[in-house]
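One file, work-v9.csv, is given below (CSV, C-alpha atoms).
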chain,number,residue,atom,x,y,z
Z,219,ASP,CA,-70.1,48.7,-39.9
Z,220,THR,CA,-67.0,48.6,-37.7
Z,221,GLY,CA,-67.9,45.6,-35.5
Z,222,VAL,CA,-66.5,42.1,-35.5
Z,223,SER,CA,-67.4,40.2,-38.6
Z,224,GLN,CA,-67.4,36.5,-39.2
Z,225,ASN,CA,-67.7,34.4,-42.3
Z,226,PRO,CA,-69.5,32.4,-43.3
Z,227,ARG,CA,-72.5,32.9,-41.1
Z,228,HIS,CA,-73.7,29.3,-41.7
Z,229,LYS,CA,-71.8,26.2,-42.8
Z,230,ILE,CA,-73.3,22.8,-43.5
Z,231,THR,CA,-70.7,20.0,-44.1
Z,232,LYS,CA,-70.5,16.3,-44.2
Z,233,ARG,CA,-68.7,14.4,-41.5
Z,234,GLY,CA,-65.1,14.0,-42.3
Z,235,GLN,CA,-64.7,17.2,-44.3
Z,236,ASN,CA,-62.5,20.1,-43.3
Z,237,VAL,CA,-64.0,23.6,-42.7
Z,238,THR,CA,-62.4,27.0,-42.1
Z,239,PHE,CA,-64.0,30.0,-40.5
Z,240,ARG,CA,-62.8,33.6,-40.6
Z,241,CYS,CA,-63.0,36.4,-38.1
Z,242,ASP,CA,-62.2,40.0,-38.7
Z,243,PRO,CA,-61.9,41.8,-35.3
Z,244,ILE,CA,-62.5,45.5,-34.6
Z,245,SER,CA,-59.5,47.3,-36.0
Z,246,GLU,CA,-56.8,48.1,-33.4
Z,247,HIS,CA,-58.1,45.4,-31.0
Z,248,ASN,CA,-55.0,43.4,-30.3
Z,249,ARG,CA,-56.9,40.6,-28.4
Z,250,LEU,CA,-58.9,38.0,-30.2
Z,251,TYR,CA,-60.9,35.1,-28.8
Z,252,TRP,CA,-62.7,32.1,-30.2
Z,253,TYR,CA,-65.6,30.5,-28.3
Z,254,ARG,CA,-67.9,27.6,-29.1
Z,255,GLN,CA,-71.6,27.6,-28.1
Z,256,THR,CA,-73.8,24.6,-28.2
Z,257,LEU,CA,-77.6,24.8,-28.0
Z,258,GLY,CA,-78.9,25.9,-24.7
Z,259,GLN,CA,-75.4,26.5,-23.2
Z,260,GLY,CA,-73.2,29.5,-22.6
Z,261,PRO,CA,-70.1,30.0,-24.8
Z,262,GLU,CA,-67.0,28.0,-24.0
Z,263,PHE,CA,-63.5,29.4,-24.5
Z,264,LEU,CA,-61.4,27.8,-27.2
Z,265,THR,CA,-58.4,30.0,-27.8
Z,266,TYR,CA,-56.9,33.4,-27.4
Z,267,PHE,CA,-54.5,35.6,-29.5
Z,268,GLN,CA,-52.7,38.7,-28.5
Z,269,ASN,CA,-51.6,40.2,-31.8
Z,270,GLU,CA,-50.3,37.2,-33.8
Z,271,ALA,CA,-49.3,35.1,-30.8
Z,272,GLN,CA,-51.6,32.3,-29.7
Z,273,LEU,CA,-51.2,32.5,-25.9
Z,274,GLU,CA,-53.8,30.1,-24.6
Z,275,LYS,CA,-55.7,27.1,-25.9
Z,276,SER,CA,-58.5,25.2,-24.1
Z,277,ARG,CA,-58.5,21.5,-23.7
Z,278,LEU,CA,-61.6,21.6,-25.8
Z,279,LEU,CA,-59.4,22.4,-28.8
Z,280,SER,CA,-58.5,18.9,-29.9
Z,281,ASP,CA,-55.8,18.2,-32.5
Z,282,ARG,CA,-58.3,18.5,-35.2
Z,283,PHE,CA,-58.7,22.2,-34.4
Z,284,SER,CA,-56.2,24.8,-35.4
Z,285,ALA,CA,-56.4,28.6,-35.3
Z,286,GLU,CA,-54.1,31.3,-36.7
Z,287,ARG,CA,-53.8,35.0,-36.7
Z,288,PRO,CA,-51.0,35.5,-39.1
Z,289,LYS,CA,-50.6,39.2,-39.2
Z,290,GLY,CA,-52.3,40.1,-36.0
Z,291,SER,CA,-55.5,41.2,-37.8
Z,292,PHE,CA,-58.0,38.6,-39.0
Z,293,SER,CA,-58.0,35.1,-37.6
Z,294,THR,CA,-59.0,31.7,-39.0
Z,295,LEU,CA,-60.3,28.6,-37.2
Z,296,GLU,CA,-60.0,25.3,-39.1
Z,297,ILE,CA,-61.6,22.0,-38.1
Z,298,GLN,CA,-60.3,19.0,-39.8
Z,299,ARG,CA,-62.2,15.7,-40.2
Z,300,THR,CA,-65.4,17.2,-38.8
Z,301,GLU,CA,-67.5,15.1,-36.5
Z,302,GLN,CA,-71.2,15.5,-35.6
Z,303,GLY,CA,-70.2,16.7,-32.2
Z,304,ASP,CA,-68.5,19.7,-33.7
Z,305,SER,CA,-71.9,21.1,-34.7
Z,306,ALA,CA,-72.2,24.4,-32.8
Z,307,MET,CA,-72.0,28.1,-33.1
Z,308,TYR,CA,-68.5,29.4,-33.3
Z,309,LEU,CA,-68.1,32.9,-31.9
Z,310,CYS,CA,-65.2,35.3,-32.3
Z,311,ALA,CA,-64.6,38.2,-30.0
Z,312,SER,CA,-62.1,41.0,-29.8
Z,313,SER,CA,-61.1,43.5,-27.2
Z,314,PRO,CA,-58.6,46.2,-26.5
Z,315,ARG,CA,-56.3,45.4,-23.6
Z,316,GLY,CA,-58.5,43.0,-21.6
Z,317,ALA,CA,-61.5,45.2,-21.5
Z,318,GLU,CA,-65.0,44.0,-22.4
Z,319,GLN,CA,-65.1,41.7,-25.4
Z,320,TYR,CA,-67.1,42.5,-28.5
Z,321,PHE,CA,-68.6,39.5,-30.2
Z,322,GLY,CA,-69.2,38.8,-33.9
Z,323,PRO,CA,-72.5,37.3,-35.2
Z,324,GLY,CA,-71.0,33.8,-35.1
Z,325,THR,CA,-70.7,31.0,-37.6
Z,326,ARG,CA,-73.2,28.2,-37.2
Z,327,LEU,CA,-71.7,24.8,-38.2
Z,328,THR,CA,-73.9,21.8,-38.9
Z,329,VAL,CA,-72.2,18.5,-39.5
Z,330,THR,CA,-74.4,15.9,-41.2
G,171,ALA,CA,-67.2,22.9,-10.0
G,172,GLN,CA,-69.3,25.5,-11.7
G,173,LYS,CA,-67.6,28.9,-11.7
G,174,ILE,CA,-70.7,30.8,-12.8
G,175,THR,CA,-74.2,29.7,-11.7
G,176,GLN,CA,-77.4,31.1,-13.1
G,177,THR,CA,-80.2,29.3,-11.3
G,178,GLN,CA,-83.1,30.7,-13.3
G,179,PRO,CA,-83.5,28.9,-16.6
G,180,GLY,CA,-86.4,31.3,-17.5
G,181,MET,CA,-87.9,34.5,-16.2
G,182,PHE,CA,-91.1,36.4,-17.1
G,183,VAL,CA,-91.7,40.1,-16.6
G,184,GLN,CA,-94.4,42.5,-17.5
G,185,GLU,CA,-93.5,45.3,-19.7
G,186,LYS,CA,-92.3,48.5,-17.8
G,187,GLU,CA,-91.6,46.5,-14.7
G,188,ALA,CA,-88.2,45.7,-13.2
G,189,VAL,CA,-86.6,42.3,-13.2
G,190,THR,CA,-83.6,40.8,-11.5
G,191,LEU,CA,-81.5,38.0,-13.1
G,192,ASP,CA,-79.4,36.1,-10.6
G,193,CYS,CA,-75.7,35.2,-10.9
G,194,THR,CA,-73.4,33.7,-8.4
G,195,TYR,CA,-69.7,33.0,-9.0
G,196,ASP,CA,-66.8,31.0,-7.5
G,197,THR,CA,-63.2,32.2,-7.5
G,198,SER,CA,-60.3,32.3,-5.1
G,199,ASP,CA,-58.7,35.2,-6.9
G,200,GLN,CA,-58.9,38.8,-5.5
G,201,SER,CA,-58.8,40.4,-8.9
G,202,TYR,CA,-61.6,39.4,-11.3
G,203,GLY,CA,-64.3,41.0,-13.5
G,204,LEU,CA,-67.9,40.2,-14.0
G,205,PHE,CA,-69.9,40.8,-17.2
G,206,TRP,CA,-73.4,40.5,-18.4
G,207,TYR,CA,-74.2,39.8,-22.1
G,208,LYS,CA,-77.5,39.7,-23.9
G,209,GLN,CA,-78.0,37.2,-26.7
G,210,PRO,CA,-81.2,37.8,-28.8
G,211,SER,CA,-82.5,35.1,-31.1
G,212,SER,CA,-80.3,36.5,-33.9
G,213,GLY,CA,-77.3,35.0,-31.9
G,214,GLU,CA,-75.0,37.9,-31.5
G,215,MET,CA,-73.6,38.5,-27.9
G,216,ILE,CA,-74.2,42.1,-26.8
G,217,PHE,CA,-72.2,43.5,-24.0
G,218,LEU,CA,-74.4,45.1,-21.3
G,219,ILE,CA,-72.4,45.9,-18.2
G,220,TYR,CA,-69.1,45.3,-16.3
G,221,GLN,CA,-68.2,45.2,-12.6
G,222,GLY,CA,-64.6,44.9,-11.4
G,223,SER,CA,-63.9,43.1,-8.2
G,224,TYR,CA,-62.3,46.2,-6.7
G,225,ASP,CA,-65.1,48.6,-7.7
G,226,GLU,CA,-66.9,49.8,-4.6
G,227,GLN,CA,-69.9,51.2,-6.5
G,228,ASN,CA,-72.4,49.0,-8.3
G,229,ALA,CA,-72.1,49.4,-12.0
G,230,THR,CA,-74.9,51.1,-14.0
G,231,GLU,CA,-75.5,51.5,-17.7
G,232,GLY,CA,-78.8,53.1,-18.6
G,233,ARG,CA,-81.6,50.7,-17.6
G,234,TYR,CA,-79.1,48.1,-16.5
G,235,SER,CA,-77.5,47.9,-13.1
G,236,LEU,CA,-75.4,45.3,-11.4
G,237,ASN,CA,-76.1,44.4,-7.8
G,238,PHE,CA,-72.6,43.3,-6.7
G,239,GLN,CA,-72.4,41.6,-3.3
G,240,LYS,CA,-68.8,40.5,-3.0
G,241,ALA,CA,-69.1,38.6,0.3
G,242,ARG,CA,-71.9,36.6,-1.1
G,243,LYS,CA,-70.2,36.2,-4.5
G,244,SER,CA,-73.2,37.4,-6.4
G,245,ALA,CA,-73.6,39.7,-9.3
G,246,ASN,CA,-77.2,40.1,-10.2
G,247,LEU,CA,-78.4,42.0,-13.2
G,248,VAL,CA,-81.3,44.4,-12.6
G,249,ILE,CA,-83.2,45.6,-15.7
G,250,SER,CA,-85.5,48.5,-14.9
G,251,ALA,CA,-88.6,49.5,-17.0
G,252,SER,CA,-88.5,46.3,-19.1
G,253,GLN,CA,-89.2,46.6,-22.8
G,254,LEU,CA,-90.4,44.0,-25.3
G,255,GLY,CA,-87.0,44.2,-27.0
G,256,ASP,CA,-85.4,43.0,-23.8
G,257,SER,CA,-86.7,39.5,-24.5
G,258,ALA,CA,-83.5,37.4,-25.0
G,259,MET,CA,-81.1,35.1,-23.4
G,260,TYR,CA,-78.9,36.7,-20.7
G,261,PHE,CA,-75.4,35.4,-19.7
G,262,CYS,CA,-73.3,36.2,-16.7
G,263,ALA,CA,-69.6,35.8,-17.3
G,264,MET,CA,-66.4,36.1,-15.2
G,265,ARG,CA,-62.9,37.0,-16.2
G,266,GLU,CA,-60.1,35.8,-13.9
G,267,PRO,CA,-56.4,35.5,-14.0
G,268,ASN,CA,-54.7,32.3,-15.3
G,269,ALA,CA,-53.0,29.9,-13.0
G,270,GLY,CA,-49.8,31.8,-13.7
G,271,GLY,CA,-51.4,35.0,-12.5
G,272,THR,CA,-51.6,36.7,-15.9
G,273,SER,CA,-54.9,37.8,-17.3
G,274,TYR,CA,-55.6,37.0,-20.9
G,275,GLY,CA,-59.2,38.0,-20.4
G,276,LYS,CA,-60.9,34.8,-21.4
G,277,LEU,CA,-64.5,34.6,-20.1
G,278,THR,CA,-66.3,31.8,-18.3
G,279,PHE,CA,-70.0,31.9,-18.9
G,280,GLY,CA,-73.0,30.7,-17.0
G,281,GLN,CA,-75.8,28.6,-18.5
G,282,GLY,CA,-77.9,31.7,-19.2
G,283,THR,CA,-81.4,32.9,-18.3
G,284,ILE,CA,-84.1,33.3,-20.9
G,285,LEU,CA,-86.1,36.5,-20.2
G,286,THR,CA,-89.5,36.9,-21.7
G,287,VAL,CA,-91.2,40.4,-21.5
G,288,HIS,CA,-95.0,40.3,-21.7
G,289,PRO,CA,-96.9,43.3,-23.1

For this file, write the structure as structure tokens.
Amino acid sequence: DTGVSQNPRHKITKRGQNVTFRCDPISEHNRLYWYRQTLGQGPEFLTYFQNEAQLEKSRLLSDRFSAERPKGSFSTLEIQRTEQGDSAMYLCASSPRGAEQYFGPGTRLTVT
Amino acid sequence: AQKITQTQPGMFVQEKEAVTLDCTYDTSDQSYGLFWYKQPSSGEMIFLIYQGSYDEQNATEGRYSLNFQKARKSANLVISASQLGDSAMYFCAMREPNAGGTSYGKLTFGQGTILTVHP
């Protein structure tokens, strides 16, 4: 399978814990995006990487959130000191040169 | 202000019939792109169709077509010959340049429309 992959698919954590998600984009896609989707809503943009450079971050991305793409391939999204409001589906997408974005299956986070 | 508006929370269609899902958008940019994605219950977002703001012809991809009316700022998705597998959430999205004029490609999504296809 050569699509976008995300791990883990599901994560349950207690409030206050740190969590990290991983995204492996389609190879050779230099653009990588993170979105967050809450129940019944459309995805909301979080951040964007072009190769290893993080070029844009949404105001939704508070100081507790950090994302990296160290070698321009896979990316990680870390949430520190999780809160119940962080419960959502976290979607990763990749694209070549600003064309359509291909999404992964998402990581569903539940904070108890 | 809402950039993408999908006014139909839910739509029903009989199998083999056509259905139109509405989408209106708001932008002051001349260069932008409009996308439709399908999200089945499994959660994965599936790209369906793309329309560029400078494209003069309406986009088509198999049973999907995009009815692009630039002056009215609408980009409705038409699904012909509906199938049971078309039952899903459908999102309209827009890509527009940043304030600085560059385009990083981030998408702004609407609220979605749940489509149910009846046998």

Would you give me, as a tab-separated table, each residue of chain Z having an atom within 8 Å of an atom of chain G, along with its shortest atom pair and that distance in Å to one decimal, using all atoms listed in the file and sorting by chain and residue number?
residue	atom	partner	partner_atom	distance
Z:Tyr251	CA	G:Lys276	CA	7.4
Z:Gly258	CA	G:Gln281	CA	7.4
Z:Gln259	CA	G:Gln281	CA	5.2
Z:Gly260	CA	G:Gln281	CA	4.9
Z:Pro261	CA	G:Phe279	CA	6.2
Z:Glu262	CA	G:Thr278	CA	6.9
Z:Phe263	CA	G:Lys276	CA	6.7
Z:Tyr266	CA	G:Lys276	CA	7.3
Z:Gly316	CA	G:Gly275	CA	5.2
Z:Ala317	CA	G:Gly275	CA	7.6
Z:Glu318	CA	G:Phe217	CA	7.4
Z:Gln319	CA	G:Phe217	CA	7.5
Z:Tyr320	CA	G:Phe217	CA	6.9
Z:Phe321	CA	G:Met215	CA	5.6
Z:Gly322	CA	G:Glu214	CA	6.3
Z:Pro323	CA	G:Glu214	CA	4.5
Z:Gly324	CA	G:Glu214	CA	6.8

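If you measure from each of G:Tyr234, G:Thr194, G:Gln200, G:Arg242 to Gly222 (chain G) using all atoms listed in the file, the closest one turns out to be G:Gln200.
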
Contact residues around Glu187 (chain G) with only C-alpha atoms at 10 Å, ignoring same-chain residues under 2 positions, as a list in words: Val183, Gln184, Glu185, Val189, Ile249, Ser250, Ala251, Ser252, Gln253, Val287 and His288 of chain G

From (-59.9, 34.5, -43.7), in the file's coordinates, out to 10 Å: which residues are reached, counting all atoms listed in the file? Answer as an NGL selection string. :Z and (224-226 or 238-242 or 286-287 or 291-295)

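The coordinates place CA of Lys243 (chain G) at 14.3 Å from CA of Leu191 (chain G).
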
I need every residue sitting at most 9 Å from the point (-71.5, 26.3, -32.5) (coordinates as in the file, all atoms listed in the file considered), written as number ranges by chain. Z: 253-257, 261, 304-309, 324-328

Which value, in Å to one decimal, gives the distance between CA of Gln268 (chain Z) and CA of Met264 (chain G)? 19.3 Å

Take CA of Ser223 (chain G) and CA of Tyr195 (chain G) and report the distance between them in Å, one decimal. 11.7 Å

Because the input lacks atoms here, generate N, CA, C and O atoms for region 209-227 of chain G and report them as a PDB file, in the frame of the given file.
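Saved to result-v3.pdb:
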ATOM      1  N   GLN G 209     -78.089  37.920 -25.458  1.00  0.00           N
ATOM      2  CA  GLN G 209     -78.000  37.200 -26.700  1.00  0.00           C
ATOM      3  C   GLN G 209     -79.459  37.074 -27.274  1.00  0.00           C
ATOM      4  O   GLN G 209     -80.215  36.195 -26.869  1.00  0.00           O
ATOM      5  N   PRO G 210     -79.843  37.949 -28.200  1.00  0.00           N
ATOM      6  CA  PRO G 210     -81.200  37.800 -28.800  1.00  0.00           C
ATOM      7  C   PRO G 210     -81.208  36.577 -29.708  1.00  0.00           C
ATOM      8  O   PRO G 210     -80.192  35.898 -29.897  1.00  0.00           O
ATOM      9  N   SER G 211     -82.362  36.324 -30.273  1.00  0.00           N
ATOM     10  CA  SER G 211     -82.500  35.100 -31.100  1.00  0.00           C
ATOM     11  C   SER G 211     -81.615  35.176 -32.339  1.00  0.00           C
ATOM     12  O   SER G 211     -81.329  34.141 -32.931  1.00  0.00           O
ATOM     13  N   SER G 212     -81.165  36.358 -32.726  1.00  0.00           N
ATOM     14  CA  SER G 212     -80.300  36.500 -33.900  1.00  0.00           C
ATOM     15  C   SER G 212     -78.885  35.860 -33.568  1.00  0.00           C
ATOM     16  O   SER G 212     -78.127  35.556 -34.490  1.00  0.00           O
ATOM     17  N   GLY G 213     -78.560  35.693 -32.295  1.00  0.00           N
ATOM     18  CA  GLY G 213     -77.300  35.000 -31.900  1.00  0.00           C
ATOM     19  C   GLY G 213     -76.173  35.816 -31.490  1.00  0.00           C
ATOM     20  O   GLY G 213     -75.245  35.303 -30.862  1.00  0.00           O
ATOM     21  N   GLU G 214     -76.164  37.097 -31.804  1.00  0.00           N
ATOM     22  CA  GLU G 214     -75.000  37.900 -31.500  1.00  0.00           C
ATOM     23  C   GLU G 214     -74.990  38.227 -29.965  1.00  0.00           C
ATOM     24  O   GLU G 214     -76.010  38.510 -29.364  1.00  0.00           O
ATOM     25  N   MET G 215     -73.826  38.153 -29.359  1.00  0.00           N
ATOM     26  CA  MET G 215     -73.600  38.500 -27.900  1.00  0.00           C
ATOM     27  C   MET G 215     -73.427  39.971 -27.797  1.00  0.00           C
ATOM     28  O   MET G 215     -72.490  40.518 -28.386  1.00  0.00           O
ATOM     29  N   ILE G 216     -74.271  40.615 -27.004  1.00  0.00           N
ATOM     30  CA  ILE G 216     -74.200  42.100 -26.800  1.00  0.00           C
ATOM     31  C   ILE G 216     -73.767  42.378 -25.414  1.00  0.00           C
ATOM     32  O   ILE G 216     -74.428  41.969 -24.449  1.00  0.00           O
ATOM     33  N   PHE G 217     -72.654  43.103 -25.270  1.00  0.00           N
ATOM     34  CA  PHE G 217     -72.200  43.500 -24.000  1.00  0.00           C
ATOM     35  C   PHE G 217     -73.116  44.483 -23.297  1.00  0.00           C
ATOM     36  O   PHE G 217     -73.548  45.450 -23.917  1.00  0.00           O
ATOM     37  N   LEU G 218     -73.438  44.236 -22.027  1.00  0.00           N
ATOM     38  CA  LEU G 218     -74.400  45.100 -21.300  1.00  0.00           C
ATOM     39  C   LEU G 218     -73.655  45.918 -20.221  1.00  0.00           C
ATOM     40  O   LEU G 218     -73.818  47.137 -20.144  1.00  0.00           O
ATOM     41  N   ILE G 219     -72.901  45.218 -19.345  1.00  0.00           N
ATOM     42  CA  ILE G 219     -72.400  45.900 -18.200  1.00  0.00           C
ATOM     43  C   ILE G 219     -71.240  45.119 -17.573  1.00  0.00           C
ATOM     44  O   ILE G 219     -71.149  43.892 -17.739  1.00  0.00           O
ATOM     45  N   TYR G 220     -70.334  45.847 -16.899  1.00  0.00           N
ATOM     46  CA  TYR G 220     -69.100  45.300 -16.300  1.00  0.00           C
ATOM     47  C   TYR G 220     -68.952  45.745 -14.882  1.00  0.00           C
ATOM     48  O   TYR G 220     -69.211  46.913 -14.575  1.00  0.00           O
ATOM     49  N   GLN G 221     -68.493  44.820 -14.020  1.00  0.00           N
ATOM     50  CA  GLN G 221     -68.200  45.200 -12.600  1.00  0.00           C
ATOM     51  C   GLN G 221     -66.806  44.579 -12.291  1.00  0.00           C
ATOM     52  O   GLN G 221     -66.611  43.369 -12.431  1.00  0.00           O
ATOM     53  N   GLY G 222     -65.895  45.401 -11.867  1.00  0.00           N
ATOM     54  CA  GLY G 222     -64.600  44.900 -11.400  1.00  0.00           C
ATOM     55  C   GLY G 222     -64.661  44.547  -9.938  1.00  0.00           C
ATOM     56  O   GLY G 222     -65.415  45.146  -9.179  1.00  0.00           O
ATOM     57  N   SER G 223     -63.832  43.592  -9.557  1.00  0.00           N
ATOM     58  CA  SER G 223     -63.900  43.100  -8.200  1.00  0.00           C
ATOM     59  C   SER G 223     -63.485  44.156  -7.159  1.00  0.00           C
ATOM     60  O   SER G 223     -63.864  44.072  -5.990  1.00  0.00           O
ATOM     61  N   TYR G 224     -62.726  45.152  -7.583  1.00  0.00           N
ATOM     62  CA  TYR G 224     -62.300  46.200  -6.700  1.00  0.00           C
ATOM     63  C   TYR G 224     -63.197  47.434  -6.720  1.00  0.00           C
ATOM     64  O   TYR G 224     -62.985  48.388  -5.979  1.00  0.00           O
ATOM     65  N   ASP G 225     -64.178  47.396  -7.618  1.00  0.00           N
ATOM     66  CA  ASP G 225     -65.100  48.600  -7.700  1.00  0.00           C
ATOM     67  C   ASP G 225     -65.998  48.577  -6.504  1.00  0.00           C
ATOM     68  O   ASP G 225     -66.678  47.589  -6.214  1.00  0.00           O
ATOM     69  N   GLU G 226     -66.039  49.706  -5.835  1.00  0.00           N
ATOM     70  CA  GLU G 226     -66.900  49.800  -4.600  1.00  0.00           C
ATOM     71  C   GLU G 226     -68.316  50.133  -4.944  1.00  0.00           C
ATOM     72  O   GLU G 226     -69.218  49.796  -4.188  1.00  0.00           O
ATOM     73  N   GLN G 227     -68.508  50.818  -6.065  1.00  0.00           N
ATOM     74  CA  GLN G 227     -69.900  51.200  -6.500  1.00  0.00           C
ATOM     75  C   GLN G 227     -70.420  50.140  -7.418  1.00  0.00           C
ATOM     76  O   GLN G 227     -69.693  49.600  -8.256  1.00  0.00           O
TER      77      GLN G 227
END
